[in-house]
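Shown next: entry.txt, given as compact mmCIF, N, CA and C atoms.
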# COMPACT_ATOMS: atom_id res chain seq x y z
N MET X 1 6.73 -30.04 -26.55
CA MET X 1 6.87 -28.66 -26.15
C MET X 1 7.46 -27.88 -27.30
N LYS X 2 6.84 -26.77 -27.60
CA LYS X 2 7.35 -25.91 -28.66
C LYS X 2 8.44 -25.02 -28.09
N ILE X 3 9.51 -24.91 -28.83
CA ILE X 3 10.63 -24.09 -28.39
C ILE X 3 10.55 -22.76 -29.12
N ASN X 4 10.36 -21.68 -28.36
CA ASN X 4 10.33 -20.35 -28.92
C ASN X 4 11.10 -19.41 -27.99
N LYS X 5 10.98 -18.12 -28.23
CA LYS X 5 11.76 -17.15 -27.45
C LYS X 5 11.38 -17.14 -25.97
N LYS X 6 10.09 -17.29 -25.68
CA LYS X 6 9.66 -17.29 -24.28
C LYS X 6 10.17 -18.53 -23.55
N THR X 7 10.17 -19.66 -24.22
CA THR X 7 10.65 -20.89 -23.60
C THR X 7 12.14 -20.79 -23.30
N ILE X 8 12.89 -20.27 -24.25
CA ILE X 8 14.34 -20.11 -24.05
C ILE X 8 14.61 -19.10 -22.94
N GLY X 9 13.89 -17.98 -22.92
CA GLY X 9 14.06 -16.98 -21.86
C GLY X 9 13.72 -17.54 -20.49
N GLY X 10 12.65 -18.33 -20.42
CA GLY X 10 12.27 -18.96 -19.15
C GLY X 10 13.32 -19.93 -18.67
N PHE X 11 13.86 -20.72 -19.60
CA PHE X 11 14.91 -21.67 -19.24
C PHE X 11 16.14 -20.96 -18.71
N LEU X 12 16.52 -19.87 -19.37
CA LEU X 12 17.68 -19.11 -18.91
C LEU X 12 17.45 -18.49 -17.53
N LEU X 13 16.23 -18.01 -17.27
CA LEU X 13 15.91 -17.48 -15.94
C LEU X 13 16.01 -18.56 -14.87
N ILE X 14 15.52 -19.75 -15.18
CA ILE X 14 15.60 -20.85 -14.21
C ILE X 14 17.04 -21.23 -13.93
N VAL X 15 17.85 -21.35 -14.98
CA VAL X 15 19.26 -21.72 -14.80
C VAL X 15 19.99 -20.64 -14.00
N PHE X 16 19.75 -19.37 -14.32
CA PHE X 16 20.41 -18.29 -13.60
C PHE X 16 19.94 -18.24 -12.14
N GLY X 17 18.65 -18.47 -11.90
CA GLY X 17 18.13 -18.48 -10.53
C GLY X 17 18.72 -19.60 -9.70
N ILE X 18 18.86 -20.78 -10.30
CA ILE X 18 19.46 -21.89 -9.57
C ILE X 18 20.93 -21.62 -9.28
N SER X 19 21.63 -21.01 -10.24
CA SER X 19 23.04 -20.70 -9.99
C SER X 19 23.19 -19.64 -8.90
N VAL X 20 22.28 -18.67 -8.84
CA VAL X 20 22.33 -17.67 -7.76
C VAL X 20 22.03 -18.35 -6.43
N PHE X 21 21.06 -19.27 -6.42
CA PHE X 21 20.69 -19.94 -5.19
C PHE X 21 21.85 -20.76 -4.63
N PHE X 22 22.51 -21.53 -5.48
CA PHE X 22 23.58 -22.39 -4.98
C PHE X 22 24.94 -21.71 -4.97
N GLY X 23 25.20 -20.79 -5.89
CA GLY X 23 26.51 -20.18 -5.96
C GLY X 23 26.60 -18.82 -5.30
N GLY X 24 25.53 -18.04 -5.40
CA GLY X 24 25.56 -16.67 -4.91
C GLY X 24 25.44 -16.57 -3.42
N GLY X 25 24.67 -17.43 -2.81
CA GLY X 25 24.48 -17.38 -1.37
C GLY X 25 25.08 -18.61 -0.72
N SER X 26 25.93 -18.39 0.24
CA SER X 26 26.47 -19.54 0.97
C SER X 26 25.48 -19.88 2.08
N PHE X 27 25.36 -21.13 2.39
CA PHE X 27 24.36 -21.56 3.36
C PHE X 27 24.82 -21.40 4.80
N GLY X 28 25.97 -20.78 5.01
CA GLY X 28 26.44 -20.51 6.36
C GLY X 28 25.62 -19.45 7.07
N PHE X 29 24.87 -18.66 6.31
CA PHE X 29 24.04 -17.62 6.90
C PHE X 29 22.72 -18.15 7.44
N ILE X 30 22.43 -19.41 7.21
CA ILE X 30 21.18 -19.97 7.72
C ILE X 30 21.21 -20.06 9.25
N ILE X 31 22.35 -20.39 9.81
CA ILE X 31 22.46 -20.54 11.27
C ILE X 31 22.25 -19.20 11.98
N PRO X 32 22.95 -18.11 11.61
CA PRO X 32 22.66 -16.83 12.27
C PRO X 32 21.24 -16.34 12.02
N LEU X 33 20.69 -16.65 10.85
CA LEU X 33 19.32 -16.28 10.55
C LEU X 33 18.35 -16.97 11.50
N ALA X 34 18.55 -18.25 11.73
CA ALA X 34 17.68 -19.00 12.64
C ALA X 34 17.86 -18.53 14.08
N ILE X 35 19.09 -18.32 14.49
CA ILE X 35 19.34 -17.87 15.86
C ILE X 35 18.77 -16.47 16.07
N GLY X 36 18.96 -15.58 15.10
CA GLY X 36 18.41 -14.23 15.20
C GLY X 36 16.89 -14.24 15.26
N SER X 37 16.27 -15.11 14.48
CA SER X 37 14.80 -15.22 14.52
C SER X 37 14.33 -15.71 15.88
N LEU X 38 15.00 -16.73 16.40
CA LEU X 38 14.61 -17.25 17.71
C LEU X 38 14.82 -16.22 18.82
N MET X 39 15.93 -15.49 18.74
CA MET X 39 16.18 -14.47 19.77
C MET X 39 15.17 -13.33 19.68
N THR X 40 14.81 -12.93 18.48
CA THR X 40 13.80 -11.88 18.32
C THR X 40 12.45 -12.34 18.85
N TYR X 41 12.09 -13.57 18.54
CA TYR X 41 10.83 -14.13 19.03
C TYR X 41 10.83 -14.22 20.56
N ALA X 42 11.95 -14.70 21.14
CA ALA X 42 12.04 -14.80 22.60
C ALA X 42 12.00 -13.41 23.24
N GLY X 43 12.63 -12.43 22.61
CA GLY X 43 12.61 -11.07 23.14
C GLY X 43 11.21 -10.47 23.11
N MET X 44 10.46 -10.75 22.04
CA MET X 44 9.09 -10.24 21.97
C MET X 44 8.20 -10.92 23.01
N LYS X 45 8.42 -12.21 23.24
CA LYS X 45 7.64 -12.93 24.26
C LYS X 45 7.94 -12.39 25.66
N ARG X 46 9.23 -12.13 25.93
CA ARG X 46 9.60 -11.60 27.24
C ARG X 46 9.06 -10.18 27.42
N PHE X 47 9.11 -9.39 26.35
CA PHE X 47 8.60 -8.02 26.42
C PHE X 47 7.09 -8.03 26.68
N ALA X 48 6.37 -8.95 26.04
CA ALA X 48 4.92 -9.05 26.23
C ALA X 48 4.58 -9.57 27.63
N ALA X 49 5.50 -10.36 28.21
CA ALA X 49 5.26 -10.91 29.54
C ALA X 49 5.57 -9.90 30.64
N GLY X 50 6.12 -8.74 30.29
CA GLY X 50 6.39 -7.72 31.29
C GLY X 50 7.86 -7.59 31.64
N LYS X 51 8.72 -8.42 31.11
CA LYS X 51 10.17 -8.34 31.38
C LYS X 51 10.79 -7.49 30.28
N THR X 52 10.67 -6.16 30.44
CA THR X 52 11.02 -5.25 29.36
C THR X 52 12.51 -5.20 29.06
N ILE X 53 13.34 -5.17 30.08
CA ILE X 53 14.79 -5.02 29.87
C ILE X 53 15.35 -6.23 29.11
N THR X 54 15.08 -7.44 29.60
CA THR X 54 15.60 -8.64 28.92
C THR X 54 14.93 -8.82 27.56
N GLY X 55 13.67 -8.42 27.44
CA GLY X 55 12.99 -8.51 26.15
C GLY X 55 13.60 -7.60 25.11
N ILE X 56 13.93 -6.38 25.52
CA ILE X 56 14.55 -5.42 24.59
C ILE X 56 15.95 -5.88 24.22
N ILE X 57 16.70 -6.39 25.18
CA ILE X 57 18.07 -6.85 24.89
C ILE X 57 18.04 -8.04 23.93
N LEU X 58 17.22 -9.05 24.24
CA LEU X 58 17.15 -10.22 23.36
C LEU X 58 16.61 -9.85 21.98
N GLY X 59 15.57 -9.04 21.95
CA GLY X 59 15.00 -8.62 20.66
C GLY X 59 15.96 -7.78 19.84
N GLY X 60 16.72 -6.91 20.50
CA GLY X 60 17.70 -6.08 19.80
C GLY X 60 18.83 -6.89 19.21
N ILE X 61 19.36 -7.83 19.99
CA ILE X 61 20.43 -8.69 19.46
C ILE X 61 19.91 -9.54 18.31
N GLY X 62 18.71 -10.08 18.48
CA GLY X 62 18.11 -10.88 17.41
C GLY X 62 17.86 -10.07 16.16
N ALA X 63 17.40 -8.83 16.31
CA ALA X 63 17.15 -7.96 15.15
C ALA X 63 18.45 -7.62 14.43
N ILE X 64 19.52 -7.39 15.20
CA ILE X 64 20.82 -7.10 14.58
C ILE X 64 21.30 -8.30 13.79
N MET X 65 21.11 -9.51 14.35
CA MET X 65 21.51 -10.73 13.62
C MET X 65 20.68 -10.90 12.34
N LEU X 66 19.40 -10.55 12.41
CA LEU X 66 18.56 -10.65 11.22
C LEU X 66 18.96 -9.63 10.16
N ILE X 67 19.31 -8.43 10.59
CA ILE X 67 19.73 -7.39 9.63
C ILE X 67 21.04 -7.79 8.96
N CYS X 68 21.94 -8.41 9.71
CA CYS X 68 23.21 -8.86 9.12
C CYS X 68 22.98 -9.99 8.11
N SER X 69 21.93 -10.77 8.29
CA SER X 69 21.62 -11.86 7.36
C SER X 69 20.76 -11.41 6.19
N LEU X 70 20.47 -10.12 6.10
CA LEU X 70 19.60 -9.60 5.06
C LEU X 70 20.11 -9.85 3.64
N PRO X 71 21.41 -9.69 3.34
CA PRO X 71 21.86 -10.00 1.97
C PRO X 71 21.60 -11.45 1.57
N PHE X 72 21.75 -12.36 2.50
CA PHE X 72 21.47 -13.77 2.22
C PHE X 72 19.99 -13.97 1.90
N VAL X 73 19.13 -13.35 2.69
CA VAL X 73 17.69 -13.50 2.49
C VAL X 73 17.27 -12.88 1.16
N VAL X 74 17.82 -11.73 0.82
CA VAL X 74 17.50 -11.08 -0.45
C VAL X 74 17.98 -11.93 -1.62
N GLY X 75 19.16 -12.51 -1.51
CA GLY X 75 19.68 -13.37 -2.58
C GLY X 75 18.82 -14.61 -2.79
N ILE X 76 18.39 -15.23 -1.71
CA ILE X 76 17.53 -16.41 -1.82
C ILE X 76 16.18 -16.03 -2.39
N ALA X 77 15.63 -14.89 -1.97
CA ALA X 77 14.34 -14.44 -2.51
C ALA X 77 14.45 -14.11 -4.00
N LEU X 78 15.55 -13.49 -4.40
CA LEU X 78 15.77 -13.18 -5.80
C LEU X 78 15.89 -14.46 -6.64
N ALA X 79 16.61 -15.43 -6.12
CA ALA X 79 16.76 -16.70 -6.83
C ALA X 79 15.41 -17.41 -6.96
N ALA X 80 14.62 -17.41 -5.90
CA ALA X 80 13.31 -18.05 -5.95
C ALA X 80 12.40 -17.34 -6.95
N ALA X 81 12.45 -16.02 -6.98
CA ALA X 81 11.62 -15.26 -7.93
C ALA X 81 12.04 -15.56 -9.37
N MET X 82 13.34 -15.66 -9.62
CA MET X 82 13.80 -15.97 -10.97
C MET X 82 13.35 -17.35 -11.42
N VAL X 83 13.44 -18.33 -10.53
CA VAL X 83 13.00 -19.68 -10.88
C VAL X 83 11.49 -19.70 -11.11
N TYR X 84 10.73 -19.01 -10.28
CA TYR X 84 9.27 -18.98 -10.43
C TYR X 84 8.85 -18.34 -11.75
N TYR X 85 9.38 -17.14 -12.02
CA TYR X 85 8.99 -16.45 -13.25
C TYR X 85 9.56 -17.13 -14.49
N GLY X 86 10.71 -17.77 -14.37
CA GLY X 86 11.24 -18.55 -15.49
C GLY X 86 10.35 -19.73 -15.82
N TRP X 87 9.88 -20.44 -14.79
CA TRP X 87 8.99 -21.56 -15.00
C TRP X 87 7.66 -21.09 -15.60
N LYS X 88 7.16 -19.97 -15.09
CA LYS X 88 5.91 -19.42 -15.60
C LYS X 88 6.06 -19.00 -17.07
N LEU X 89 7.20 -18.40 -17.40
CA LEU X 89 7.46 -17.98 -18.77
C LEU X 89 7.60 -19.18 -19.69
N MET X 90 8.24 -20.24 -19.21
CA MET X 90 8.36 -21.45 -20.03
C MET X 90 7.00 -22.07 -20.30
N LYS X 91 6.16 -22.14 -19.29
CA LYS X 91 4.83 -22.73 -19.46
C LYS X 91 3.97 -21.89 -20.40
N ASN X 92 4.01 -20.57 -20.26
CA ASN X 92 3.24 -19.70 -21.15
C ASN X 92 3.82 -19.69 -22.56
N GLY X 93 5.12 -19.79 -22.66
CA GLY X 93 5.76 -19.78 -23.97
C GLY X 93 5.50 -21.05 -24.76
N SER X 94 5.36 -22.18 -24.09
CA SER X 94 5.11 -23.42 -24.81
C SER X 94 3.68 -23.50 -25.30
N ALA X 95 2.76 -22.74 -24.69
CA ALA X 95 1.36 -22.75 -25.12
C ALA X 95 1.12 -21.82 -26.28
N ASP X 96 1.97 -20.81 -26.46
CA ASP X 96 1.80 -19.86 -27.55
C ASP X 96 2.21 -20.49 -28.88
N ASN X 97 1.60 -19.99 -29.93
CA ASN X 97 2.01 -20.40 -31.27
C ASN X 97 2.86 -19.28 -31.85
N GLY X 98 4.11 -19.26 -31.51
CA GLY X 98 5.00 -18.20 -31.95
C GLY X 98 5.44 -18.40 -33.38
N VAL X 99 5.90 -17.32 -33.99
CA VAL X 99 6.36 -17.38 -35.37
C VAL X 99 7.68 -18.13 -35.45
N SER X 100 8.52 -17.96 -34.44
CA SER X 100 9.84 -18.58 -34.48
C SER X 100 9.87 -19.88 -33.68
N SER X 101 8.81 -20.66 -33.78
CA SER X 101 8.79 -21.92 -33.04
C SER X 101 9.50 -23.01 -33.82
N PHE X 102 10.01 -23.97 -33.12
CA PHE X 102 10.73 -25.10 -33.69
C PHE X 102 9.82 -26.31 -33.65
N ASP X 103 9.53 -26.88 -34.81
CA ASP X 103 8.67 -28.04 -34.89
C ASP X 103 9.44 -29.16 -35.58
N PRO X 104 9.81 -30.20 -34.85
CA PRO X 104 10.63 -31.26 -35.45
C PRO X 104 9.85 -32.20 -36.36
N GLU X 105 8.57 -32.02 -36.53
CA GLU X 105 7.73 -32.93 -37.32
C GLU X 105 8.14 -33.03 -38.79
N PRO X 106 8.52 -31.93 -39.50
CA PRO X 106 8.86 -32.07 -40.91
C PRO X 106 10.04 -33.00 -41.17
N ALA X 107 10.86 -33.28 -40.21
CA ALA X 107 12.01 -34.16 -40.41
C ALA X 107 11.64 -35.63 -40.31
N SER X 108 10.39 -35.93 -40.00
CA SER X 108 10.00 -37.33 -39.84
C SER X 108 9.87 -38.01 -41.20
N ALA X 109 9.81 -39.33 -41.21
CA ALA X 109 9.75 -40.11 -42.44
C ALA X 109 8.39 -39.97 -43.12
N ALA X 110 7.34 -39.64 -42.40
CA ALA X 110 6.01 -39.56 -42.97
C ALA X 110 5.73 -38.21 -43.61
N TYR X 111 6.67 -37.32 -43.63
CA TYR X 111 6.46 -35.99 -44.18
C TYR X 111 6.48 -36.05 -45.69
N GLN X 112 5.46 -35.49 -46.31
CA GLN X 112 5.35 -35.47 -47.76
C GLN X 112 5.48 -34.04 -48.24
N SER X 113 6.38 -33.79 -49.15
CA SER X 113 6.51 -32.46 -49.73
C SER X 113 5.91 -32.45 -51.13
N HIS X 114 5.89 -31.30 -51.72
CA HIS X 114 5.36 -31.16 -53.09
C HIS X 114 6.21 -31.96 -54.07
N PHE X 115 7.52 -31.97 -53.83
CA PHE X 115 8.42 -32.72 -54.70
C PHE X 115 8.10 -34.22 -54.64
N ASP X 116 7.81 -34.74 -53.43
CA ASP X 116 7.48 -36.16 -53.30
C ASP X 116 6.22 -36.52 -54.07
N ASP X 117 5.23 -35.65 -54.01
CA ASP X 117 4.00 -35.90 -54.76
C ASP X 117 4.27 -35.95 -56.27
N GLU X 118 5.04 -35.00 -56.76
CA GLU X 118 5.36 -34.99 -58.18
C GLU X 118 6.18 -36.21 -58.58
N TRP X 119 7.10 -36.63 -57.74
CA TRP X 119 7.94 -37.78 -58.03
C TRP X 119 7.09 -39.06 -58.11
N GLU X 120 6.14 -39.20 -57.21
CA GLU X 120 5.26 -40.37 -57.25
C GLU X 120 4.41 -40.37 -58.52
N GLU X 121 3.93 -39.19 -58.93
CA GLU X 121 3.16 -39.12 -60.18
C GLU X 121 4.04 -39.47 -61.37
N PHE X 122 5.28 -39.05 -61.38
CA PHE X 122 6.21 -39.36 -62.46
C PHE X 122 6.45 -40.86 -62.55
N LEU X 123 6.62 -41.50 -61.38
CA LEU X 123 6.85 -42.95 -61.36
C LEU X 123 5.62 -43.71 -61.82
N LYS X 124 4.43 -43.22 -61.54
CA LYS X 124 3.21 -43.89 -61.97
C LYS X 124 3.06 -43.81 -63.50
N LYS X 125 3.52 -42.74 -64.11
CA LYS X 125 3.42 -42.58 -65.56
C LYS X 125 4.33 -43.54 -66.31
N LYS X 126 5.42 -43.96 -65.72
CA LYS X 126 6.38 -44.84 -66.39
C LYS X 126 5.86 -46.19 -66.43

Could you show the structure in this file as structure tokens?
Amino acid sequence: MKINKKTIGGFLLIVFGISVFFGGGSFGFIIPLAIGSLMTYAGMKRFAAGKTITGIILGGIGAIMLICSLPFVVGIALAAAMVYYGWKLMKNGSADNGVSSFDPEPASAAYQSHFDDEWEEFLKKK
């Protein structure tokens, strides 16, 4: 993998997204979110069945619980978007041939420079 600016930016987005996911949002909001969703669903089912009063009450309480859980949902969605776009940026960045790419190949033992060629010619002359 070639390391360039896009790869580094993608990696930083992924790390920041994961930190927001685990550090920014506490998972205690999952329970009210699930209960609010179930209550809203049950309220809509009761309302559709003709029980308007209990349907409106259940749906209203469920909607209020969902609205209270909105910061948690937005934080999780933001973290997921950061991880997704960071991964996408890393994959696109590694395919590009950037000017500031890091290629560890010249440090290998098989690398021949102009100086090495001249040195070998000098040794052959002796």

From the options X:Leu13, X:Ala42, X:Ile30, X:Ile35, which residue's atoms come nearest to X:Ile56, counting all atoms listed in the file? X:Ala42

Using only N, CA and C atoms, find the one residue out of X:Ile3, X:Ile14, X:Ile61, X:Ile8 that sits nearest to X:Val83. X:Ile14

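Considering only N, CA and C atoms, the residue among X:Ala63, X:Lys91, X:Gly75, X:Ala49 positioned nearest to X:Phe21 is X:Gly75.
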
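Taking atom C of X:Val74 and atom C of X:Leu58 as endpoints, the distance between them is 23.7 Å.
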
Grab the atom N of X:Ala81 to atom CA of X:Ile64 distance for me, in Å with one decimal place. 24.8 Å

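Here the question is which of X:Leu66, X:Gly86, X:Asp116, X:Ala79 gets nearest to X:Phe29 using only C-alpha atoms, and that residue is X:Leu66.
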
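Of note, atom CA of X:Gly17 and atom N of X:Val73 are spaced 14.2 Å apart.
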
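Distance annotation: of X:Ile76, X:Val15, X:Leu38, X:Leu89, the residue with the minimal separation from X:Gly62 is X:Leu38; atom set is only C-alpha atoms.
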